[in-house]
Structures are given as structure tokens and as C-alpha cells.
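Structure data (mmCIF, C-alpha atoms) from model-v9.cif:
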data_target
loop_
_atom_site.label_atom_id
_atom_site.label_comp_id
_atom_site.auth_asym_id
_atom_site.auth_seq_id
_atom_site.Cartn_x
_atom_site.Cartn_y
_atom_site.Cartn_z
CA MET A 837 -33.53 67.92 -5.45
CA GLU A 838 -33.12 69.43 -2.02
CA ASP A 839 -34.19 66.17 -0.40
CA GLU A 840 -31.50 64.28 -2.31
CA LEU A 841 -28.89 66.85 -1.28
CA LEU A 842 -29.93 66.58 2.35
CA GLN A 843 -29.75 62.79 2.15
CA GLN A 844 -26.25 62.94 0.66
CA VAL A 845 -25.08 65.39 3.34
CA GLY A 846 -26.63 63.21 6.02
CA HIS A 847 -24.92 60.13 4.58
CA VAL A 848 -21.53 61.89 4.50
CA LEU A 849 -21.95 63.12 8.07
CA ASN A 850 -22.98 59.64 9.19
CA GLU A 851 -19.89 58.13 7.55
CA LEU A 852 -17.67 60.80 9.10
CA VAL A 853 -19.07 60.17 12.58
CA SER A 854 -18.64 56.42 12.09
CA TRP A 855 -14.99 56.86 11.08
CA LEU A 856 -14.31 59.20 14.00
CA ALA A 857 -15.95 56.78 16.43
CA ALA A 858 -13.95 53.89 15.00
CA GLY A 859 -10.72 55.90 15.27
CA ALA A 860 -11.52 56.80 18.86
CA MET A 861 -12.09 53.13 19.64
CA VAL A 862 -8.83 52.04 18.01
CA PHE A 863 -6.50 54.66 19.51
CA GLY A 864 -8.49 55.95 22.47
CA GLY A 865 -7.60 52.97 24.64
CA VAL A 866 -3.86 53.69 24.61
CA VAL A 867 -4.09 57.46 25.17
CA PRO A 868 -4.53 57.20 29.00
CA TYR A 869 -1.12 55.50 29.29
CA ILE A 870 0.78 58.33 27.61
CA PRO A 871 0.86 60.58 30.73
CA GLN A 872 1.77 57.59 32.91
CA TYR A 873 4.56 56.61 30.52
CA ARG A 874 5.95 60.15 30.47
CA ASP A 875 5.68 60.37 34.25
CA ILE A 876 7.68 57.17 34.77
CA ARG A 877 10.29 58.19 32.18
CA ARG A 878 10.82 61.61 33.78
CA THR A 879 10.83 60.57 37.43
CA GLN A 880 12.46 57.15 36.92
CA ASN A 881 9.97 55.87 39.49
CA ALA A 882 7.45 53.14 38.63
CA GLN A 883 6.45 52.37 42.21
CA GLY A 884 2.99 53.93 42.04
CA PHE A 885 1.93 52.13 38.84
CA SER A 886 0.73 48.54 39.09
CA THR A 887 2.23 46.43 36.30
CA TYR A 888 -0.63 43.98 36.85
CA VAL A 889 -2.69 46.49 34.86
CA CYS A 890 -0.50 45.65 31.85
CA LEU A 891 -0.86 41.92 32.54
CA VAL A 892 -4.66 42.20 32.72
CA LEU A 893 -4.84 44.09 29.42
CA LEU A 894 -2.48 41.69 27.66
CA VAL A 895 -4.55 38.66 28.68
CA ALA A 896 -7.86 40.38 27.91
CA ASN A 897 -6.88 41.52 24.42
CA ILE A 898 -5.28 38.23 23.44
CA LEU A 899 -8.47 36.42 24.46
CA ARG A 900 -10.57 38.98 22.59
CA ILE A 901 -8.63 38.38 19.36
CA LEU A 902 -9.12 34.63 19.76
CA PHE A 903 -12.83 35.19 20.45
CA ARG A 904 -13.19 36.83 17.04
CA PHE A 905 -12.33 33.54 15.34
CA GLY A 906 -15.48 32.08 16.86
CA ARG A 907 -17.78 35.08 16.77
CA TYR A 908 -17.45 38.14 14.57
CA PHE A 909 -17.34 41.64 16.06
CA GLU A 910 -16.45 45.09 14.74
CA THR A 911 -13.02 45.38 13.04
CA PRO A 912 -12.05 48.54 15.04
CA LEU A 913 -12.23 46.44 18.20
CA LEU A 914 -9.76 43.99 16.67
CA TRP A 915 -7.30 46.78 15.82
CA GLN A 916 -7.79 48.23 19.29
CA SER A 917 -6.68 44.91 20.79
CA ILE A 918 -3.57 44.69 18.59
CA ILE A 919 -2.47 48.25 19.39
CA MET A 920 -3.18 47.76 23.09
CA ILE A 921 -1.00 44.63 23.22
CA VAL A 922 1.93 46.53 21.69
CA THR A 923 1.40 49.45 24.10
CA MET A 924 1.32 47.20 27.17
CA LEU A 925 4.55 45.48 26.13
CA VAL A 926 6.19 48.92 25.84
CA MET A 927 4.87 49.88 29.31
CA LEU A 928 6.09 46.63 30.85
CA ASN A 929 9.52 47.07 29.29
CA LEU A 930 9.80 50.60 30.68
CA CYS A 931 8.70 49.60 34.20
CA THR A 932 11.09 46.63 34.24
CA ASN A 933 14.06 48.74 33.10
CA VAL A 934 13.29 51.49 35.64
CA ARG A 935 12.99 49.04 38.53
CA VAL A 936 16.17 47.18 37.55
CA SER A 937 18.03 50.49 37.26
CA THR A 938 16.74 51.63 40.66
CA GLU A 939 17.78 48.35 42.28
CA LEU A 940 21.25 48.54 40.72
CA ASN A 941 21.74 52.12 41.89
CA THR A 942 20.68 51.15 45.42
CA LYS A 943 23.16 48.26 45.45
CA ARG A 944 25.90 50.48 44.05
CA ARG A 945 25.37 53.13 46.75
CA SER A 946 25.35 50.43 49.41
CA PHE A 947 28.59 49.02 48.00
CA LEU A 948 30.32 52.40 47.98
CA ALA A 949 29.18 53.07 51.54
CA THR A 950 30.91 49.91 52.81
CA ASP A 951 34.27 50.99 51.30
CA SER A 952 34.93 47.35 50.55
CA LYS A 953 36.88 46.72 47.36
CA ASP A 954 36.62 42.96 47.68
CA GLU A 955 32.85 42.85 47.47
CA GLU A 956 30.99 42.67 44.23
CA ILE A 957 27.69 44.25 43.40
CA LYS A 958 25.26 41.35 43.43
CA VAL A 959 22.02 41.78 41.59
CA PRO A 960 19.14 39.79 43.06
CA LYS A 961 18.05 36.89 40.92
CA LYS A 962 14.48 38.15 41.02
CA LEU A 963 15.52 40.93 38.64
CA PHE A 964 16.30 38.41 35.90
CA LEU A 965 12.74 37.84 34.84
CA VAL A 966 11.40 36.16 31.74
CA PRO A 967 10.99 38.87 29.06
CA PRO A 968 7.33 39.95 28.78
CA SER A 969 7.32 39.23 25.04
CA LYS A 970 8.16 35.55 25.63
CA CYS A 971 5.41 35.23 28.24
CA VAL A 972 2.91 36.77 25.81
CA LEU A 973 3.97 34.48 22.97
CA THR A 974 3.72 31.41 25.20
CA PHE A 975 0.26 32.35 26.49
CA THR A 976 -0.92 33.17 22.95
CA ALA A 977 0.35 29.86 21.60
CA VAL A 978 -1.32 27.79 24.34
CA ALA A 979 -4.61 29.71 24.24
CA GLY A 980 -4.60 29.67 20.43
CA TYR A 981 -4.09 25.90 20.30
CA ILE A 982 -6.94 25.29 22.76
CA THR A 983 -9.18 27.64 20.77
CA TYR A 984 -8.33 25.79 17.55
CA LEU A 985 -9.38 22.49 19.12
CA LEU A 986 -12.63 23.83 20.63
CA LEU A 987 -13.63 26.40 18.04
CA ASP A 988 -16.77 24.44 17.10
CA SER A 989 -18.02 24.52 20.69
CA THR A 990 -20.49 27.36 21.21
CA LEU A 991 -20.09 27.09 24.97
CA TYR A 992 -16.30 27.50 24.70
CA VAL A 993 -16.52 30.46 22.30
CA GLU A 994 -19.06 32.30 24.48
CA THR A 995 -17.02 31.57 27.61
CA LEU A 996 -13.89 32.84 25.85
CA GLY A 997 -15.68 36.07 24.96
CA PHE A 998 -16.89 36.51 28.51
CA LEU A 999 -13.41 35.89 29.94
CA ALA A 1000 -11.92 38.41 27.51
CA VAL A 1001 -14.22 41.28 28.43
CA PHE A 1002 -14.49 40.33 32.10
CA THR A 1003 -10.70 40.32 32.43
CA GLU A 1004 -10.59 43.76 30.82
CA ALA A 1005 -13.39 44.90 33.13
CA MET A 1006 -11.08 44.02 36.04
CA LEU A 1007 -8.41 46.30 34.54
CA GLY A 1008 -8.56 48.86 37.32
CA THR A 1009 -8.70 46.28 40.13
CA PRO A 1010 -4.90 45.88 40.51
CA GLN A 1011 -4.51 49.67 40.68
CA LEU A 1012 -7.45 49.88 43.11
CA TYR A 1013 -5.79 47.31 45.38
CA CYS A 1014 -2.36 48.94 44.99
CA ASN A 1015 -3.80 52.28 46.13
CA TYR A 1016 -5.59 50.59 49.04
CA GLN A 1017 -2.42 48.79 50.09
CA ASN A 1018 -0.35 51.98 49.93
CA LYS A 1019 -3.16 54.05 51.49
CA SER A 1020 -2.25 56.61 48.85
CA THR A 1021 -2.56 57.33 45.13
CA GLU A 1022 0.93 58.84 44.95
CA GLY A 1023 2.79 57.77 41.82
CA MET A 1024 -0.42 57.07 39.89
CA SER A 1025 -1.33 59.41 37.06
CA ILE A 1026 -4.72 60.93 37.83
CA LYS A 1027 -5.04 61.95 34.19
CA MET A 1028 -4.70 58.31 33.27
CA VAL A 1029 -7.66 57.34 35.49
CA CYS A 1030 -9.78 60.24 34.21
CA MET A 1031 -9.07 59.08 30.67
CA TRP A 1032 -9.92 55.52 31.70
CA THR A 1033 -13.30 56.72 32.94
CA SER A 1034 -14.17 58.81 29.90
CA GLY A 1035 -12.86 56.14 27.51
CA ASP A 1036 -14.73 53.30 29.20
CA THR A 1037 -17.93 55.34 29.22
CA PHE A 1038 -17.56 56.06 25.50
CA LYS A 1039 -16.64 52.43 24.81
CA THR A 1040 -19.68 51.08 26.64
CA GLY A 1041 -21.92 53.43 24.68
CA TYR A 1042 -20.24 52.28 21.46
CA PHE A 1043 -20.93 48.66 22.37
CA LEU A 1044 -24.61 49.43 22.92
CA LEU A 1045 -25.00 51.42 19.69
CA THR A 1046 -23.23 48.86 17.50
CA GLN A 1047 -25.11 45.97 19.14
CA ALA A 1048 -21.88 44.26 20.19
CA PRO A 1049 -22.16 40.90 21.99
CA MET A 1050 -23.85 41.19 25.38
CA GLN A 1051 -20.64 40.31 27.27
CA PHE A 1052 -19.01 43.47 25.94
CA TRP A 1053 -21.43 46.09 27.28
CA ILE A 1054 -22.16 44.33 30.60
CA CYS A 1055 -18.47 44.20 31.47
CA GLY A 1056 -18.07 47.74 30.13
CA LEU A 1057 -20.50 48.95 32.79
CA LEU A 1058 -18.53 47.06 35.44
CA GLN A 1059 -15.32 48.70 34.20
CA VAL A 1060 -16.84 52.17 34.57
CA CYS A 1061 -17.79 51.35 38.18
CA VAL A 1062 -14.20 50.35 38.98
CA ASP A 1063 -12.93 53.58 37.41
CA PHE A 1064 -15.21 55.65 39.66
CA ALA A 1065 -14.01 53.66 42.69
CA ILE A 1066 -10.40 54.66 41.87
CA LEU A 1067 -11.42 58.29 41.45
CA PHE A 1068 -13.04 58.08 44.88
CA GLN A 1069 -9.71 56.85 46.26
CA VAL A 1070 -8.02 59.90 44.73
CA TYR A 1071 -10.50 62.15 46.55
CA TYR A 1072 -10.47 60.21 49.83
CA TYR A 1073 -6.69 59.74 50.22
CA GLY A 1074 -6.13 63.33 49.09
CA ARG A 1075 -8.58 64.73 51.63
CA TYR A 1076 -7.79 62.28 54.43
CA PRO A 1077 -4.10 61.25 54.06
CA GLN A 1078 -3.44 57.86 55.66
CA LYS A 1079 0.33 58.33 55.86
CA PRO A 1080 2.84 61.17 55.46
CA VAL A 1081 3.79 61.90 51.87
CA SER A 1082 7.29 60.55 51.26
CA HIS A 1083 9.85 63.15 50.24
CA THR A 1084 12.25 60.56 48.92
CA VAL A 1085 10.20 59.98 45.83
CA HIS A 1086 9.54 62.62 43.21
CA THR A 1087 6.56 64.69 44.24
CA THR A 1088 5.60 65.17 40.61
CA SER A 1089 4.79 61.49 40.43
CA ALA A 1090 1.61 62.19 42.36
CA LYS A 1091 0.46 64.55 39.63
CA ALA A 1092 -1.13 63.68 36.38
CA LEU A 1093 1.56 64.50 33.88
#
Would you kindly transcribe this structure into C-alpha cells?
Amino acid sequence: MEDELLQQVGHVLNELVSWLAAGAMVFGGVVPYIPQYRDIRRTQNAQGFSTYVCLVLLVANILRILFRFGRYFETPLLWQSIIMIVTMLVMLNLCTNVRVSTELNTKRRSFLATDSKDEEIKVPKKLFLVPPSKCVLTFTAVAGYITYLLLDSTLYVETLGFLAVFTEAMLGTPQLYCNYQNKSTEGMSIKMVCMWTSGDTFKTGYFLLTQAPMQFWICGLLQVCVDFAILFQVYYYGRYPQKPVSHTVHTTSAKAL
């Protein structure tokens, strides 16, 4: 009787842990972007955040969803991809609006300074970009059509899976390069990177425990290495500043908020 009770308790605990792990996988990926989103909204400054991070995640998760048509993997990973796509579109929309607003304000101040009533405020054409949602739909349609044609090819399916997780593994590379180019991590949320590191470590462990396809956990390890490289930049540029900290941008943008 006691053995049966212990087995039932063990089964319930196992199910509970499985559900918690699945929930962490589904929603844990978007949590690191909450402090960055709040930071950009409050400071109205998106200069320190690389929007290529959003592009990388959009491409990676679209390819991952297509990969599932050729090779099954855990359902929580599918939901994680869907939620991540929505989150990245929201981030891209915010960054685009902030940068357009900043450019317009700069032009308006320049116009007022000239005291010229005959001039008009001209917005650079580069600000009129194709909406991110249209780019995503176009890429999804093209990639989906190619996948439909080559779905019976094992080589194509495995390559698609590798590209999906390898692209995601390169997630931190744009931010790594952005920090290197600026010789500073100002404007980047340190909390976001710390959450990246902890989330990627957990995710890689999840891949190993659930026996996910090999591409997943190999690229997960690579992703953790990139995360630690960014954390090293935070330490290095904080301890050995390469340029004076600008006072024209909000100093809170350098904090993890």
C-alpha cells in the first residue's frame, strides 16, 4: 500500500516537474526581452540594442517551425517559437518607432534653429522601411513553399533543422559585434544577457534530457559560449572603458532595468 502511494506521489511530482519545465521552455525565452523593452520605452533610446537580434530570432524560429513538418520534436518547443516570433515583432516595432521619433525630433530642432519658415521638415527615405510583419510573411511564404517541395528529402530536412538552431545559436553575435564596434555595452540591458545565459543553459539541458535532435543541443552549447563572451564584454568595457561615457544619452540605459 505504501509502495503504491509512493509511486503515485512520484508520478504526480514527475508530471508537475514536466509541466513546469515545459512552461519554462515556452515562456522563458521571451522573459529576457522584458527589461530591454521597458528600458527602450522609458529612455526612448534604442541605440544600444541591436535589432539584428530580432532578425536572427525571427529567421531561426520560422525555420524551426518548418523543420517540425519534416521531423517531430517536443510541442513546447513549437509554442516557444510561435511566442518568440510575436515578441520579436513587438520589439522591432518599438525600436522602429523610437528611432523614427528620434530622427523626426532631430530634424525638427534643426529646422527651428535655422529660423527658416520656407523650409520643410524632410524625413529621410531610409526611415520608410518595409514593415517587419510583411518581411516575415514573405520569408515564411518562400521558405514554406521550398519546404513543401523538398519535404521528402532527408538531407533538406536535416539541413533545415541545423540552419534553424545554428541561426538561433548566433543570436548573441549581432549584440557581441555591436558592443565591440561601440567599445561599450551602454544601452544594452545586462539583465537581458544574464537571462540569456541562464535560459540557454537550461534550454541546452532540456534538449539533452528530452533527447532532442542532435542539432539542438550542439548549437545550444555554442549559444551559451556566445552569452559568456558578451558577459565578458560587460566586465571588460566596464573595467577598462574604451571611450568616455556619453552624457547625451540616458545613463539609465546602461543599467539592466
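The residues returned by the PyMOL selection byres ((chain A and resi 1006) around 9) for this structure are Val889, Val892, Val1001, Phe1002, Thr1003, Glu1004, Ala1005, Leu1007, Gly1008, Thr1009, Pro1010, Cys1055, Leu1058, Gln1059 and Val1062 of chain A.
Reported to one decimal place, the separation of CA of Ala977 (chain A) from CA of Val922 (chain A) is 16.7 Å.
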Can you pull out every residue within 12 Å of region 1036-1040 of chain A, counting all atoms listed in the file, but drop anything in the same chain fewer than 3 positions away, and send it as an MDAnalysis selection string?
chainID A and resid 857:866 868 912:913 916 1001 1004:1005 1007:1008 1028:1033 1043:1064
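Distance-wise, CA of Met927 (chain A) and CA of Leu891 (chain A) end up 10.3 Å apart.
Selection by the PyMOL selection byres ((chain A and resi 1024) around 6) on the present file picks out Gly884, Phe885, Thr1021, Glu1022, Gly1023 and Ser1025 of chain A.
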Using the partial input, fill out region 963-996 of chain A with N, CA and C atoms; write the result as a CSV table (one decimal), in the frame of the given file.
chain,number,residue,atom,x,y,z
A,963,LEU,N,15.5,39.9,39.7
A,963,LEU,CA,15.5,40.9,38.6
A,963,LEU,C,15.6,40.3,37.3
A,964,PHE,N,16.2,39.1,37.2
A,964,PHE,CA,16.3,38.4,35.9
A,964,PHE,C,15.0,37.7,35.6
A,965,LEU,N,14.0,38.4,35.1
A,965,LEU,CA,12.7,37.8,34.8
A,965,LEU,C,12.6,37.4,33.4
A,966,VAL,N,11.7,36.5,33.1
A,966,VAL,CA,11.4,36.2,31.7
A,966,VAL,C,10.9,37.4,31.0
A,967,PRO,N,11.5,37.7,29.8
A,967,PRO,CA,11.0,38.9,29.1
A,967,PRO,C,9.5,38.8,28.8
A,968,PRO,N,8.8,39.9,29.0
A,968,PRO,CA,7.3,40.0,28.8
A,968,PRO,C,6.9,39.4,27.4
A,969,SER,N,7.7,39.7,26.4
A,969,SER,CA,7.3,39.2,25.0
A,969,SER,C,7.2,37.7,25.0
A,970,LYS,N,8.2,37.0,25.7
A,970,LYS,CA,8.2,35.6,25.6
A,970,LYS,C,6.9,35.0,26.4
A,971,CYS,N,6.6,35.6,27.5
A,971,CYS,CA,5.4,35.2,28.2
A,971,CYS,C,4.2,35.4,27.4
A,972,VAL,N,4.1,36.5,26.7
A,972,VAL,CA,2.9,36.8,25.8
A,972,VAL,C,2.8,35.7,24.7
A,973,LEU,N,4.0,35.5,24.1
A,973,LEU,CA,4.0,34.5,23.0
A,973,LEU,C,3.6,33.1,23.5
A,974,THR,N,4.1,32.7,24.6
A,974,THR,CA,3.7,31.4,25.2
A,974,THR,C,2.2,31.3,25.5
A,975,PHE,N,1.7,32.3,26.2
A,975,PHE,CA,0.3,32.4,26.5
A,975,PHE,C,-0.6,32.3,25.2
A,976,THR,N,-0.2,33.1,24.2
A,976,THR,CA,-0.9,33.2,23.0
A,976,THR,C,-0.9,31.8,22.3
A,977,ALA,N,0.2,31.2,22.3
A,977,ALA,CA,0.4,29.9,21.6
A,977,ALA,C,-0.5,28.8,22.3
A,978,VAL,N,-0.5,28.8,23.6
A,978,VAL,CA,-1.3,27.8,24.3
A,978,VAL,C,-2.8,28.1,24.2
A,979,ALA,N,-3.2,29.3,24.4
A,979,ALA,CA,-4.6,29.7,24.2
A,979,ALA,C,-5.1,29.5,22.8
A,980,GLY,N,-4.2,29.8,21.8
A,980,GLY,CA,-4.6,29.7,20.4
A,980,GLY,C,-4.8,28.2,20.1
A,981,TYR,N,-4.0,27.3,20.6
A,981,TYR,CA,-4.1,25.9,20.3
A,981,TYR,C,-5.4,25.3,20.9
A,982,ILE,N,-5.7,25.7,22.1
A,982,ILE,CA,-6.9,25.3,22.8
A,982,ILE,C,-8.1,25.8,22.0
A,983,THR,N,-8.1,27.1,21.5
A,983,THR,CA,-9.2,27.6,20.8
A,983,THR,C,-9.4,26.9,19.4
A,984,TYR,N,-8.3,26.5,18.8
A,984,TYR,CA,-8.3,25.8,17.6
A,984,TYR,C,-9.0,24.5,17.7
A,985,LEU,N,-8.8,23.8,18.9
A,985,LEU,CA,-9.4,22.5,19.1
A,985,LEU,C,-10.9,22.6,19.5
A,986,LEU,N,-11.3,23.7,20.1
A,986,LEU,CA,-12.6,23.8,20.6
A,986,LEU,C,-13.4,24.9,19.9
A,987,LEU,N,-13.0,25.3,18.7
A,987,LEU,CA,-13.6,26.4,18.0
A,987,LEU,C,-15.1,26.1,17.7
A,988,ASP,N,-15.4,24.8,17.5
A,988,ASP,CA,-16.8,24.4,17.1
A,988,ASP,C,-17.7,24.4,18.3
A,989,SER,N,-17.2,24.5,19.5
A,989,SER,CA,-18.0,24.5,20.7
A,989,SER,C,-18.6,25.9,21.0
A,990,THR,N,-19.9,26.1,20.9
A,990,THR,CA,-20.5,27.4,21.2
A,990,THR,C,-20.2,27.8,22.6
A,991,LEU,N,-20.3,26.8,23.6
A,991,LEU,CA,-20.1,27.1,25.0
A,991,LEU,C,-18.7,27.6,25.2
A,992,TYR,N,-17.7,27.0,24.5
A,992,TYR,CA,-16.3,27.5,24.7
A,992,TYR,C,-16.1,28.9,24.1
A,993,VAL,N,-16.7,29.1,22.9
A,993,VAL,CA,-16.5,30.5,22.3
A,993,VAL,C,-17.2,31.6,23.2
A,994,GLU,N,-18.4,31.3,23.7
A,994,GLU,CA,-19.1,32.3,24.5
A,994,GLU,C,-18.3,32.5,25.8
A,995,THR,N,-17.8,31.4,26.4
A,995,THR,CA,-17.0,31.6,27.6
A,995,THR,C,-15.7,32.4,27.4
A,996,LEU,N,-15.1,32.1,26.2
A,996,LEU,CA,-13.9,32.8,25.8
A,996,LEU,C,-14.2,34.3,25.7
